[in-house]
>>> print(open('final_27.json').read())   # JSON, C-alpha atoms
[["chain", "number", "residue", "atom", "x", "y", "z"],
["F", 1, "MET", "CA", -85.75, -33.65, -9.31],
["F", 2, "VAL", "CA", -85.80, -32.04, -12.76],
["F", 3, "HIS", "CA", -83.31, -34.21, -14.60],
["F", 4, "LEU", "CA", -83.64, -37.85, -15.46],
["F", 5, "LEU", "CA", -80.98, -40.13, -14.13],
["F", 6, "LEU", "CA", -78.76, -41.46, -16.84],
["F", 7, "GLY", "CA", -80.40, -44.28, -18.74],
["F", 8, "GLU", "CA", -83.94, -43.35, -17.64],
["F", 9, "MET", "CA", -84.91, -41.52, -20.83],
["F", 10, "SER", "CA", -88.35, -42.75, -21.85],
["F", 11, "SER", "CA", -87.59, -42.62, -25.56],
["F", 12, "SER", "CA", -84.62, -42.51, -27.86],
["F", 13, "ALA", "CA", -86.11, -39.48, -29.61],
["F", 14, "LEU", "CA", -84.90, -35.95, -28.99],
["F", 15, "PRO", "CA", -87.29, -33.61, -27.17],
["F", 16, "ILE", "CA", -90.07, -32.05, -29.26],
["F", 17, "GLY", "CA", -88.88, -28.82, -30.86],
["F", 18, "PHE", "CA", -85.21, -29.54, -30.16],
["F", 19, "THR", "CA", -82.82, -27.58, -32.39],
["F", 20, "TRP", "CA", -79.07, -28.11, -32.44],
["F", 21, "ALA", "CA", -77.04, -25.09, -31.30],
["F", 22, "THR", "CA", -74.26, -23.96, -33.61],
["F", 23, "MET", "CA", -71.66, -24.00, -30.84],
["F", 24, "VAL", "CA", -71.80, -26.42, -27.92],
["F", 25, "PRO", "CA", -69.03, -26.67, -25.31],
["F", 26, "GLU", "CA", -68.25, -30.13, -23.97],
["F", 27, "LEU", "CA", -67.08, -30.14, -20.38],
["F", 28, "LEU", "CA", -65.16, -32.98, -18.81],
["F", 29, "VAL", "CA", -66.52, -33.52, -15.30],
["F", 30, "SER", "CA", -65.36, -35.63, -12.38],
["F", 31, "ASP", "CA", -68.83, -36.88, -11.33],
["F", 32, "LEU", "CA", -71.60, -36.76, -13.92],
["F", 33, "ASN", "CA", -74.46, -37.22, -11.44],
["F", 34, "ARG", "CA", -73.19, -34.36, -9.28],
["F", 35, "SER", "CA", -72.85, -32.17, -12.38],
["F", 36, "LEU", "CA", -76.37, -33.08, -13.52],
["F", 37, "HIS", "CA", -77.68, -31.98, -10.12],
["F", 38, "PHE", "CA", -76.02, -28.57, -10.56],
["F", 39, "TRP", "CA", -76.86, -28.00, -14.23],
["F", 40, "CYS", "CA", -80.38, -29.48, -14.23],
["F", 41, "ASP", "CA", -81.83, -29.32, -10.73],
["F", 42, "LEU", "CA", -80.37, -25.93, -9.80],
["F", 43, "CYS", "CA", -79.81, -24.16, -13.13],
["F", 44, "GLY", "CA", -82.80, -25.35, -15.15],
["F", 45, "PHE", "CA", -81.22, -27.40, -17.93],
["F", 46, "VAL", "CA", -82.84, -30.62, -19.15],
["F", 47, "VAL", "CA", -81.21, -33.74, -20.55],
["F", 48, "ALA", "CA", -81.89, -33.73, -24.30],
["F", 49, "TYR", "CA", -80.24, -37.14, -24.61],
["F", 50, "ASP", "CA", -77.65, -39.22, -22.88],
["F", 51, "ARG", "CA", -75.34, -42.17, -23.42],
["F", 52, "PRO", "CA", -75.12, -43.92, -20.05],
["F", 53, "GLU", "CA", -72.48, -46.36, -21.30],
["F", 54, "ASP", "CA", -70.20, -43.37, -22.05],
["F", 55, "ARG", "CA", -71.18, -41.37, -18.91],
["F", 56, "PHE", "CA", -72.29, -38.60, -21.28],
["F", 57, "ALA", "CA", -75.25, -36.20, -21.27],
["F", 58, "TYR", "CA", -76.30, -33.48, -23.72],
["F", 59, "LEU", "CA", -78.15, -30.67, -21.94],
["F", 60, "ASP", "CA", -80.43, -27.92, -23.18],
["F", 61, "ARG", "CA", -81.98, -24.82, -21.63],
["F", 62, "SER", "CA", -84.06, -22.87, -24.13],
["F", 63, "GLY", "CA", -81.52, -23.39, -26.92],
["F", 64, "CYS", "CA", -78.42, -22.96, -24.75],
["F", 65, "GLN", "CA", -76.69, -26.32, -24.90],
["F", 66, "ILE", "CA", -73.79, -27.97, -23.15],
["F", 67, "MET", "CA", -72.34, -31.48, -23.16],
["F", 68, "LEU", "CA", -71.03, -33.21, -20.05],
["F", 69, "GLU", "CA", -68.74, -36.23, -20.06],
["F", 70, "GLU", "CA", -67.26, -37.92, -17.03],
["F", 71, "THR", "CA", -63.46, -38.01, -17.09],
["F", 72, "MET", "CA", -63.20, -41.66, -16.04],
["F", 73, "ALA", "CA", -65.74, -42.87, -18.61],
["F", 74, "PRO", "CA", -64.72, -45.35, -21.30],
["F", 75, "GLY", "CA", -64.13, -44.06, -24.81],
["F", 76, "ARG", "CA", -62.18, -41.22, -26.32],
["F", 77, "HIS", "CA", -61.19, -38.08, -24.48],
["F", 78, "TRP", "CA", -59.79, -34.96, -26.03],
["F", 79, "THR", "CA", -57.66, -33.67, -23.19],
["F", 80, "THR", "CA", -54.71, -31.48, -24.07],
["F", 81, "ALA", "CA", -53.10, -31.49, -20.62],
["F", 82, "PRO", "CA", -53.61, -33.10, -17.22],
["F", 83, "LEU", "CA", -56.87, -31.96, -15.61],
["F", 84, "GLU", "CA", -56.53, -30.11, -12.32],
["F", 85, "GLN", "CA", -59.27, -28.54, -10.22],
["F", 86, "PRO", "CA", -60.72, -26.07, -10.87],
["F", 87, "PHE", "CA", -61.38, -27.15, -14.46],
["F", 88, "GLY", "CA", -61.83, -24.47, -17.10],
["F", 89, "ARG", "CA", -59.50, -21.90, -15.63],
["F", 90, "GLY", "CA", -59.60, -18.74, -17.71],
["F", 91, "ILE", "CA", -63.03, -19.27, -19.20],
["F", 92, "ASN", "CA", -66.53, -18.33, -18.15],
["F", 93, "PHE", "CA", -69.73, -19.34, -19.87],
["F", 94, "GLN", "CA", -72.28, -16.56, -20.18],
["F", 95, "ILE", "CA", -75.80, -17.95, -20.31],
["F", 96, "THR", "CA", -78.53, -15.47, -21.16],
["F", 97, "VAL", "CA", -81.86, -16.16, -19.47],
["F", 98, "ASN", "CA", -85.16, -14.28, -19.23],
["F", 99, "ASP", "CA", -84.92, -14.05, -15.43],
["F", 100, "VAL", "CA", -81.86, -14.77, -13.28],
["F", 101, "LYS", "CA", -83.77, -14.72, -9.99],
["F", 102, "PRO", "CA", -85.24, -18.29, -10.05],
["F", 103, "ILE", "CA", -81.80, -19.77, -10.74],
["F", 104, "LEU", "CA", -80.23, -17.62, -8.05],
["F", 105, "ALA", "CA", -82.95, -18.65, -5.58],
["F", 106, "ALA", "CA", -82.39, -22.37, -6.32],
["F", 107, "LEU", "CA", -78.64, -22.02, -5.81],
["F", 108, "LEU", "CA", -79.05, -20.06, -2.57],
["F", 109, "SER", "CA", -81.64, -22.55, -1.30],
["F", 110, "ALA", "CA", -79.12, -25.35, -1.94],
["F", 111, "GLN", "CA", -76.48, -23.23, -0.14],
["F", 112, "TRP", "CA", -74.37, -23.28, -3.30],
["F", 113, "PRO", "CA", -71.59, -20.66, -3.00],
["F", 114, "LEU", "CA", -71.63, -17.79, -5.48],
["F", 115, "PHE", "CA", -68.43, -16.58, -7.14],
["F", 116, "LEU", "CA", -70.00, -13.11, -7.61],
["F", 117, "GLY", "CA", -73.35, -12.06, -6.21],
["F", 118, "LEU", "CA", -76.16, -10.49, -8.20],
["F", 119, "GLU", "CA", -75.19, -7.19, -9.79],
["F", 120, "GLU", "CA", -76.48, -4.74, -12.35],
["F", 121, "ILE", "CA", -73.79, -3.67, -14.77],
["F", 122, "TRP", "CA", -73.59, -1.74, -18.03],
["F", 123, "TYR", "CA", -70.95, -2.57, -20.64],
["F", 124, "ARG", "CA", -70.02, -0.13, -23.38],
["F", 125, "ALA", "CA", -70.61, -1.47, -26.90],
["F", 126, "GLY", "CA", -69.62, 1.18, -29.43],
["F", 127, "SER", "CA", -71.68, 4.29, -28.73],
["F", 128, "SER", "CA", -74.20, 2.40, -26.58],
["F", 129, "GLU", "CA", -74.20, 0.56, -23.27],
["F", 130, "VAL", "CA", -75.68, -2.90, -22.84],
["F", 131, "GLY", "CA", -77.27, -3.54, -19.45],
["F", 132, "SER", "CA", -77.15, -6.82, -17.61],
["F", 133, "GLN", "CA", -78.29, -8.22, -14.30],
["F", 134, "GLN", "CA", -75.92, -11.09, -13.62],
["F", 135, "PHE", "CA", -74.19, -13.34, -11.12],
["F", 136, "LEU", "CA", -71.40, -15.91, -11.36],
["F", 137, "VAL", "CA", -71.21, -19.40, -9.88],
["F", 138, "GLN", "CA", -68.84, -22.33, -10.26],
["F", 139, "ASP", "CA", -70.13, -25.77, -11.17],
["F", 140, "PRO", "CA", -68.91, -28.80, -9.16],
["F", 141, "ASP", "CA", -65.67, -28.96, -11.15],
["F", 142, "GLY", "CA", -64.93, -25.25, -10.98],
["F", 143, "TYR", "CA", -66.18, -24.15, -14.41],
["F", 144, "LEU", "CA", -67.28, -20.53, -14.09],
["F", 145, "VAL", "CA", -70.86, -19.86, -15.20],
["F", 146, "ARG", "CA", -72.35, -16.38, -15.59],
["F", 147, "PHE", "CA", -76.14, -16.19, -15.73],
["F", 148, "SER", "CA", -77.18, -12.93, -17.37],
["F", 149, "GLN", "CA", -80.51, -11.18, -17.85],
["F", 150, "GLY", "CA", -80.60, -8.36, -20.40],
["F", 151, "LEU", "CA", -81.64, -4.88, -19.26],
["F", 152, "GLY", "CA", -81.60, -3.25, -22.70],
["F", 153, "LEU", "CA", -79.53, -0.56, -24.38],
["F", 154, "ARG", "CA", -78.85, 3.06, -23.50],
["F", 155, "PRO", "CA", -76.58, 5.73, -24.94],
["F", 156, "ALA", "CA", -73.03, 5.44, -23.66],
["F", 157, "ILE", "CA", -72.16, 7.98, -21.01],
["F", 158, "LYS", "CA", -68.83, 8.55, -22.71],
["F", 159, "ALA", "CA", -68.00, 6.83, -25.98],
["F", 160, "VAL", "CA", -64.36, 5.91, -26.32],
["F", 161, "PHE", "CA", -62.95, 5.44, -29.78],
["F", 162, "PRO", "CA", -59.28, 4.57, -30.17],
["F", 163, "ASP", "CA", -57.15, 6.66, -32.50],
["F", 164, "ARG", "CA", -57.06, 4.67, -35.71],
["F", 165, "GLY", "CA", -54.36, 7.02, -37.13]]
>>> encode(input="final_27.json", output="structure tokens")
Amino acid sequence: MVHLLLGEMSSSALPIGFTWATMVPELLVSDLNRSLHFWCDLCGFVVAYDRPEDRFAYLDRSGCQIMLEETMAPGRHWTTAPLEQPFGRGINFQITVNDVKPILAALLSAQWPLFLGLEEIWYRAGSSEVGSQQFLVQDPDGYLVRFSQGLGLRPAIKAVFPDRG
């Protein structure tokens, strides 16, 4: 098991070399331990720190960071409407990794269903195309996660520029 169970951190210090990301989503989850299994054991994140009394964990994967907080935990919650499964409808989190295949293999080994299987796709960005090998999966609460591996740039097959008249 890759992650530490809540409260088992050996030190109160942050991991060596830890740097705070400039934007970190905080996801409300229905079962923190189940979410930690998905995010850490299957997707390669580690617990940077946790607050067991708040059912909270701050995760990191090579600088990509996410916070998880259990919905029934004590303390403050910033919910704007009643939560209904799947959580996070209308959003997907793109996480860029060096290699998508180990994460995909862990998910398939755990028989975790994929939302979209592995694909190679090229997106136009101005006069270039950006290549990506990617797949999408939902976490235990239905948040959509897209793991993406860059394939580089190439000239766009057909550049489209809107009339700015």
>>> closest_residue(input="final_27.json", among="F:Ile16, F:Met72, F:Val97, F:Ile66", to="Val29 (chain F)", atoms="all atoms listed in the file")
F:Met72
>>> atom_distance(input="final_27.json", atom1="CA of Ala106 (chain F)", atom2="CA of Cys43 (chain F)")
7.5 Å
>>> atom_distance(input="final_27.json", atom1="CA of Ile95 (chain F)", atom2="CA of Arg146 (chain F)")
6.1 Å
>>> closest_residue(input="final_27.json", among="F:Ala73, F:Ala81, F:Ala57, F:Val130", to="Leu36 (chain F)", atoms="only C-alpha atoms")
F:Ala57
>>> closest_residue(input="final_27.json", among="F:Thr71, F:Gln111, F:Ser128, F:Gln65", to="Leu28 (chain F)", atoms="all atoms listed in the file")
F:Thr71
>>> residues_near_point(input="final_27.json", point="(-77.7, -7.6, -12.2)", cutoff="10 Å", atoms="all atoms listed in the file", output="ChimeraX atom specification")
/F:100-101,117-122,131-135,147-151
>>> write_last_selection(input="final_27.json", atoms="C-alpha atoms", output="mmCIF file, in the frame of the given file")
data_model
loop_
_atom_site.group_PDB
_atom_site.id
_atom_site.type_symbol
_atom_site.label_atom_id
_atom_site.label_comp_id
_atom_site.auth_asym_id
_atom_site.auth_seq_id
_atom_site.Cartn_x
_atom_site.Cartn_y
_atom_site.Cartn_z
ATOM 1 C CA VAL F 100 -81.860 -14.770 -13.280
ATOM 2 C CA LYS F 101 -83.770 -14.720 -9.990
ATOM 3 C CA GLY F 117 -73.350 -12.060 -6.210
ATOM 4 C CA LEU F 118 -76.160 -10.490 -8.200
ATOM 5 C CA GLU F 119 -75.190 -7.190 -9.790
ATOM 6 C CA GLU F 120 -76.480 -4.740 -12.350
ATOM 7 C CA ILE F 121 -73.790 -3.670 -14.770
ATOM 8 C CA TRP F 122 -73.590 -1.740 -18.030
ATOM 9 C CA GLY F 131 -77.270 -3.540 -19.450
ATOM 10 C CA SER F 132 -77.150 -6.820 -17.610
ATOM 11 C CA GLN F 133 -78.290 -8.220 -14.300
ATOM 12 C CA GLN F 134 -75.920 -11.090 -13.620
ATOM 13 C CA PHE F 135 -74.190 -13.340 -11.120
ATOM 14 C CA PHE F 147 -76.140 -16.190 -15.730
ATOM 15 C CA SER F 148 -77.180 -12.930 -17.370
ATOM 16 C CA GLN F 149 -80.510 -11.180 -17.850
ATOM 17 C CA GLY F 150 -80.600 -8.360 -20.400
ATOM 18 C CA LEU F 151 -81.640 -4.880 -19.260
#
>>> atom_distance(input="final_27.json", atom1="CA of Asp41 (chain F)", atom2="CA of Ala13 (chain F)")
21.9 Å
>>> residues_around(input="final_27.json", residues="Leu136 (chain F)", least_positions_apart="5", cutoff="6 Å", atoms="all atoms listed in the file", output="list of chain:residue names")
F:Phe115, F:Leu116, F:Val145, F:Arg146
>>> write_last_selection(input="final_27.json", atoms="C-alpha atoms", output="short mmCIF file (atom, residue, chain, number, x, y, z; two decimals), keeping the file's coordinate frame")
data_model
loop_
_atom_site.label_atom_id
_atom_site.label_comp_id
_atom_site.auth_asym_id
_atom_site.auth_seq_id
_atom_site.Cartn_x
_atom_site.Cartn_y
_atom_site.Cartn_z
CA PHE F 115 -68.43 -16.58 -7.14
CA LEU F 116 -70.00 -13.11 -7.61
CA VAL F 145 -70.86 -19.86 -15.20
CA ARG F 146 -72.35 -16.38 -15.59
#
